[in-house]
>>> print(open('my_file.cif').read())   # mmCIF, C-alpha atoms and all ligand atoms
data_target
#
loop_
_atom_site.label_atom_id
_atom_site.label_comp_id
_atom_site.auth_asym_id
_atom_site.auth_seq_id
_atom_site.Cartn_x
_atom_site.Cartn_y
_atom_site.Cartn_z
CA MET B 1 75.64 108.51 100.18
CA ARG B 2 78.62 107.41 102.22
CA VAL B 3 82.02 106.71 100.68
CA ALA B 4 84.70 104.89 102.68
CA HIS B 5 88.19 105.97 101.57
CA ILE B 6 91.09 103.60 102.22
CA THR B 7 94.63 104.02 100.91
CA ASP B 8 98.25 102.86 101.23
CA ILE B 9 97.60 99.42 102.64
CA HIS B 10 101.05 98.16 101.54
CA VAL B 11 100.47 94.41 101.76
CA GLU B 12 103.96 92.86 101.89
CA ARG B 13 105.33 89.49 100.97
CA ARG B 14 109.07 88.97 100.97
CA PRO B 15 110.17 88.84 97.33
CA SER B 16 112.04 85.74 96.18
CA LEU B 17 115.67 86.17 95.12
CA GLY B 18 114.67 85.95 91.47
CA GLU B 19 112.35 88.92 91.94
CA LEU B 20 115.09 91.11 93.42
CA TRP B 21 116.05 93.24 90.52
CA ASN B 22 115.47 96.70 89.13
CA LYS B 23 113.94 99.05 91.61
CA ARG B 24 112.71 96.18 93.71
CA LEU B 25 116.20 95.53 95.04
CA ALA B 26 116.34 99.00 96.53
CA GLY B 27 112.78 98.57 97.76
CA ALA B 28 113.55 95.25 99.42
CA VAL B 29 116.62 96.70 101.14
CA ASN B 30 114.45 99.55 102.36
CA LEU B 31 111.71 97.17 103.51
CA TYR B 32 113.54 94.26 105.03
CA VAL B 33 117.06 95.45 105.82
CA LEU B 34 116.30 99.00 106.94
CA GLY B 35 113.14 97.80 108.68
CA ARG B 36 110.46 99.70 106.83
CA SER B 37 108.31 96.55 106.73
CA ALA B 38 107.64 97.01 110.45
CA HIS B 39 105.79 100.21 109.54
CA PHE B 40 102.84 98.19 108.25
CA SER B 41 100.96 95.41 109.97
CA VAL B 42 98.61 92.56 109.14
CA ALA B 43 96.64 93.34 112.33
CA SER B 44 95.64 96.79 111.11
CA GLN B 45 95.03 95.55 107.55
CA VAL B 46 92.64 92.82 108.70
CA ALA B 47 90.87 95.17 111.16
CA LEU B 48 90.57 97.74 108.36
CA VAL B 49 88.50 95.44 106.16
CA ARG B 50 86.36 94.24 109.07
CA ASP B 51 85.65 97.75 110.40
CA VAL B 52 84.98 99.38 107.01
CA LEU B 53 82.48 96.61 106.29
CA ALA B 54 80.79 97.14 109.65
CA LEU B 55 80.08 100.77 108.69
CA ASP B 56 78.23 99.53 105.59
CA PRO B 57 79.37 102.28 103.17
CA ASP B 58 77.67 102.64 99.78
CA VAL B 59 81.03 102.83 98.00
CA VAL B 60 84.60 101.88 98.91
CA LEU B 61 87.31 103.99 97.29
CA CYS B 62 90.98 102.97 97.38
CA THR B 63 93.67 105.39 96.21
CA GLY B 64 96.54 102.97 95.66
CA ASP B 65 99.63 101.41 97.20
CA LEU B 66 97.78 98.16 97.82
CA THR B 67 101.15 96.41 97.71
CA ALA B 68 104.75 97.18 98.69
CA THR B 69 106.67 95.99 95.62
CA ALA B 70 103.98 94.91 93.08
CA THR B 71 104.83 91.19 93.05
CA GLU B 72 102.23 88.60 92.10
CA ALA B 73 102.27 87.27 95.67
CA GLU B 74 101.51 90.71 97.07
CA PHE B 75 98.68 91.41 94.63
CA GLY B 76 97.22 87.99 95.38
CA ALA B 77 97.37 88.62 99.13
CA ALA B 78 95.96 92.16 98.76
CA LEU B 79 93.01 90.91 96.73
CA GLU B 80 92.33 88.14 99.22
CA LEU B 81 92.37 90.70 102.03
CA LEU B 82 90.09 93.15 100.17
CA ALA B 83 87.68 90.53 98.77
CA PRO B 84 84.84 91.32 101.24
CA LEU B 85 85.01 95.03 100.32
CA ARG B 86 84.90 94.21 96.63
CA GLN B 87 81.41 92.72 97.09
CA ARG B 88 80.11 96.29 96.91
CA PRO B 89 80.94 99.18 94.55
CA PHE B 90 84.75 99.24 94.87
CA LEU B 91 86.71 101.92 93.01
CA CYS B 92 90.48 101.74 92.92
CA ILE B 93 93.52 103.34 91.28
CA PRO B 94 97.12 102.11 91.49
CA GLY B 95 99.78 103.82 93.57
CA ASN B 96 103.47 104.06 92.74
CA HIS B 97 104.13 100.88 94.75
CA ASP B 98 101.64 99.01 92.52
CA ALA B 99 103.53 100.12 89.40
CA TYR B 100 106.89 99.45 90.95
CA THR B 101 109.06 98.37 88.07
CA GLY B 102 108.77 98.12 84.29
CA GLU B 103 108.56 94.36 84.80
CA SER B 104 105.44 94.75 86.96
CA ARG B 105 103.75 97.00 84.39
CA GLY B 106 100.35 95.49 83.67
CA ARG B 107 100.19 93.48 86.87
CA TYR B 108 97.76 95.88 88.51
CA GLU B 109 95.50 95.55 85.46
CA GLN B 110 95.89 91.77 85.53
CA PHE B 111 94.59 91.66 89.10
CA LEU B 112 92.21 94.63 89.25
CA GLY B 113 91.15 95.18 85.66
CA GLU B 114 91.89 97.77 82.99
CA ILE B 115 92.08 101.36 84.09
CA ASP B 116 91.98 104.40 81.81
CA THR B 117 93.93 107.51 82.73
CA VAL B 118 90.61 109.11 83.65
CA ARG B 119 87.45 107.23 84.53
CA VAL B 120 84.18 108.71 85.73
CA SER B 121 82.00 106.50 87.92
CA ARG B 122 78.49 107.78 88.69
CA GLN B 123 77.55 106.94 92.26
CA GLY B 124 74.20 108.36 93.37
CA ASP B 125 74.16 112.10 92.63
CA TRP B 126 77.94 112.27 92.40
CA ASP B 127 80.66 111.62 89.86
CA ILE B 128 83.68 109.91 91.37
CA VAL B 129 86.53 110.76 88.99
CA LEU B 130 89.45 108.34 89.11
CA VAL B 131 92.74 109.66 87.77
CA ARG B 132 95.72 107.41 87.13
CA ASP B 133 98.85 109.30 88.12
CA ALA B 134 101.24 106.44 89.08
CA HIS B 135 103.54 104.79 86.55
CA PRO B 136 106.82 102.85 86.80
CA ASP B 137 109.51 105.37 87.73
CA TRP B 138 113.06 104.95 88.99
CA LEU B 139 112.32 107.46 91.71
CA SER B 140 108.79 107.78 93.10
CA ARG B 141 107.39 110.50 90.87
CA GLY B 142 103.93 110.54 89.36
CA GLU B 143 102.41 112.33 86.41
CA VAL B 144 98.97 112.69 84.84
CA GLY B 145 100.55 113.98 81.63
CA PRO B 146 99.23 116.30 78.89
CA ALA B 147 96.82 113.73 77.37
CA GLY B 148 95.55 112.76 80.82
CA ARG B 149 94.98 116.40 81.81
CA GLU B 150 93.07 116.98 78.59
CA ALA B 151 90.94 113.89 79.25
CA LEU B 152 90.31 115.13 82.79
CA ASP B 153 89.28 118.56 81.51
CA ARG B 154 86.92 116.98 78.98
CA ALA B 155 85.40 114.58 81.50
CA LEU B 156 84.76 117.36 84.01
CA GLY B 157 83.31 119.59 81.29
CA ALA B 158 80.92 116.87 80.15
CA GLY B 159 78.75 116.81 83.28
CA THR B 160 77.19 118.92 85.99
CA ALA B 161 77.03 116.50 88.93
CA PRO B 162 79.18 117.36 91.94
CA ALA B 163 82.53 115.63 91.58
CA LEU B 164 84.96 113.98 93.97
CA VAL B 165 88.35 113.46 92.29
CA ALA B 166 90.64 110.61 93.37
CA LEU B 167 94.42 110.68 92.81
CA HIS B 168 97.25 108.71 94.37
CA TYR B 169 99.56 111.72 94.75
CA PRO B 170 98.89 114.88 96.76
CA LEU B 171 98.54 118.27 95.08
CA ARG B 172 99.48 120.24 98.22
CA ASN B 173 101.06 119.39 101.52
CA ARG B 174 99.49 119.82 104.95
CA ARG B 175 100.57 123.47 105.01
CA GLY B 176 98.84 124.20 101.71
CA GLU B 177 102.13 124.50 99.81
CA ARG B 178 103.03 122.47 96.72
CA TYR B 179 103.75 118.88 97.79
CA GLY B 180 107.35 117.73 97.64
CA PRO B 181 110.12 116.69 97.36
CA ALA B 182 110.02 116.44 93.57
CA THR B 183 111.52 112.93 93.67
CA ARG B 184 108.30 111.58 95.21
CA ALA B 185 105.67 114.05 94.00
CA LEU B 186 103.29 114.56 91.11
CA ALA B 187 105.37 116.30 88.44
CA ASP B 188 102.40 118.20 86.99
CA ALA B 189 100.50 118.92 90.22
CA GLU B 190 100.19 122.61 89.39
CA GLN B 191 98.66 121.93 85.96
CA VAL B 192 96.33 119.24 87.36
CA GLU B 193 95.16 121.65 90.04
CA ALA B 194 94.55 124.33 87.37
CA VAL B 195 92.28 121.90 85.47
CA LEU B 196 90.33 121.01 88.63
CA SER B 197 89.99 124.67 89.62
CA ARG B 198 88.32 125.51 86.29
CA HIS B 199 85.41 123.19 87.05
CA GLU B 200 83.08 124.52 89.69
CA ARG B 201 81.55 121.07 90.19
CA VAL B 202 84.77 119.71 91.71
CA ARG B 203 84.15 119.70 95.46
CA ALA B 204 86.92 117.49 96.80
CA VAL B 205 90.24 115.90 95.86
CA VAL B 206 91.18 112.81 97.84
CA HIS B 207 94.43 110.84 97.68
CA GLY B 208 97.03 108.87 99.58
CA HIS B 209 100.83 108.49 99.13
CA GLU B 210 101.69 110.67 102.12
CA HIS B 211 101.29 108.26 105.03
CA HIS B 212 100.41 110.85 107.67
CA GLY B 213 96.99 112.23 106.75
CA TYR B 214 95.76 115.79 106.54
CA ARG B 215 93.01 118.03 105.20
CA VAL B 216 93.75 121.32 103.48
CA PRO B 217 91.73 123.76 101.35
CA ILE B 218 92.78 124.49 97.76
CA PRO B 219 91.77 128.10 97.22
CA ARG B 220 90.17 129.18 93.95
CA ALA B 221 87.76 131.90 92.79
CA GLY B 222 84.51 131.17 94.64
CA GLN B 223 84.34 128.05 96.78
CA SER B 224 87.62 126.30 97.65
CA ILE B 225 88.21 122.61 96.93
CA VAL B 226 88.89 120.43 99.97
CA GLU B 227 91.94 118.13 99.67
CA ILE B 228 91.91 115.09 101.96
CA ASP B 229 94.43 112.32 102.68
CA PRO B 230 93.24 109.86 105.38
CA GLY B 231 96.83 108.64 105.96
CA ALA B 232 98.04 105.08 105.40
CA SER B 233 95.30 102.52 106.13
CA GLY B 234 97.77 99.66 106.65
CA TYR B 235 100.10 101.42 109.09
CA ALA B 236 101.13 99.53 112.21
CA HIS B 237 99.88 100.79 115.57
CA LEU B 238 102.96 102.52 116.99
CA PRO B 239 101.60 105.14 119.41
CA ARG B 240 105.06 106.05 120.77
CA LYS B 241 106.01 107.12 117.26
CA GLY B 242 102.70 108.93 116.81
CA ARG B 243 101.77 106.55 114.06
CA THR B 244 98.73 104.40 113.33
CA ALA B 245 96.37 103.40 110.52
CA HIS B 246 93.45 105.56 109.38
CA PHE B 247 90.60 105.68 106.93
CA CYS B 248 87.90 108.24 106.15
CA VAL B 249 84.18 108.18 105.50
CA TYR B 250 82.67 111.00 103.44
CA THR B 251 78.96 111.81 103.54
CA LEU B 252 78.06 113.26 100.16
CA GLY B 253 74.89 115.37 100.13
CA ALA B 254 72.96 116.69 97.13
CA ARG B 255 75.78 119.06 96.08
CA GLU B 256 78.28 119.25 98.94
CA VAL B 257 80.53 117.08 101.08
CA GLU B 258 78.37 117.19 104.19
CA GLY B 259 80.57 115.22 106.53
CA VAL B 260 84.11 113.93 106.92
CA GLU B 261 84.74 111.27 109.54
CA ARG B 262 88.18 109.83 110.18
CA TYR B 263 88.78 106.53 111.93
CA ALA B 264 92.02 105.63 113.70
CA PHE B 265 93.29 102.14 114.63
CA ASP B 266 93.78 101.78 118.38
CA GLY B 267 95.54 98.42 118.24
CA GLU B 268 92.29 96.45 118.22
CA ARG B 269 89.74 98.37 116.20
CA PHE B 270 89.22 101.50 114.17
CA ALA B 271 87.38 104.15 116.17
CA PRO B 272 86.36 107.73 115.31
CA GLU B 273 89.35 110.02 115.79
CA PRO B 274 89.04 111.71 119.20
CA GLY B 275 88.13 115.37 118.79
CA GLY B 276 86.91 114.93 115.21
CA ALA B 277 88.54 114.30 111.84
CA PHE B 278 92.21 115.39 111.76
CA ALA B 279 92.11 116.74 115.32
CA SER B 280 95.23 114.67 116.07
CA GLY B 281 97.12 116.60 113.41
CA GLY B 282 98.44 113.66 111.42
FE FE B 301 102.22 104.52 100.21
FE FE B 302 102.66 106.10 97.17
#
>>> encode(input="my_file.cif", output="structure tokens", more="lines below")
Ligand SMILES: [Fe+2]
Ligand SMILES: [Fe+2]
Amino acid sequence: MRVAHITDIHVERRPSLGELWNKRLAGAVNLYVLGRSAHFSVASQVALVRDVLALDPDVVLCTGDLTATATEAEFGAALELLAPLRQRPFLCIPGNHDAYTGESRGRYEQFLGEIDTVRVSRQGDWDIVLVRDAHPDWLSRGEVGPAGREALDRALGAGTAPALVALHYPLRNRRGERYGPATRALADAEQVEAVLSRHERVRAVVHGHEHHGYRVPIPRAGQSIVEIDPGASGYAHLPRKGRTAHFCVYTLGAREVEGVERYAFDGERFAPEPGGAFASGG
């Protein structure tokens, strides 16, 4: 079975004046005044959908940040963009940008359907375990929370199939240390990792949020868990800044992740990363 993993598409539409309040004001200043909006591009977003489809994956997994500031216009545009991918099994969790303000609470659900804190989706021989870790927050912190961690523990204890766990936030950084800074990290990463480590069937943790991708092992007794972040799939192609869009394709065998491919946007199309997945270092 092949799973295409996309993340951090960040579809942007300039918010109207009436929408500029709460956190969105700071976000809009960041996006449009400080120029962050140039970090993402429609060209890579459109090519992403076309090129993922061309690979004909069995499942498409999206780990959040579909939008920039969670407005209705952005969700509408993101869904229009992703519509061809949603013709097949499409699993998605929100990112912090999709739960941007208290006012936008519920908008993700309105557009993409209800999501429990933990949801297990059986795909072939595997359980894909979706964990909601993004909530409205004045900073950019995430949390699974005590009830969510308990639900995760129960869900993992209830089956024996190999499991791939999807979060929005990283557990560790590219050096294998705890991900930070705390203002934009998962507050209970250590406890979440402890839950995952208890369940031998957890093979991989995949996520987004950090826009430069990486792969790092999470050590535990016995076999380590592989943590993978493809990097932002909607990033503009800016080779002089060492920045472009990426996505991953995982080949899931009977019990193990048998292959990890990473595709990079070259300005026209997504092509396998030269030298193999993560050979470019970011
Ligand atoms: Fe993001
Ligand atoms: Fe994020």
>>> residues_near_ligand(input="my_file.cif", ligand="ligand FE 302 (chain B)", cutoff="6 Å", atoms="all atoms listed in the file", output="list of chain:residue names")
B:Asp65, B:Gly95, B:Asn96, B:His97, B:His209
>>> residues_around(input="my_file.cif", residues="Asp137 in chain B", least_positions_apart="5", cutoff="9 Å", atoms="all atoms listed in the file", output="list in words")
Lys23, Asn96, Ala99, Tyr100, Thr101, Gly102 and Gly142 of chain B
>>> residues_near_ligand(input="my_file.cif", ligand="ligand FE 301 (chain B)", cutoff="10 Å", atoms="only C-alpha atoms and all ligand atoms", output="list in words")
Thr7, Asp8, Ile9, His10, Thr63, Gly64, Asp65, Leu66, Thr67, Ala68, Gly95, Asn96, His97, Asp98, His168, Tyr169, Gly208, His209, Glu210, His211, His212, Gly231, Ala232, Ser233, Gly234 and Tyr235 of chain B
>>> atom_distance(input="my_file.cif", atom1="CA of Arg132 in chain B", atom2="CA of Ala166 in chain B")
8.7 Å
>>> atom_distance(input="my_file.cif", atom1="CA of Asp229 in chain B", atom2="CA of Ala158 in chain B")
26.7 Å
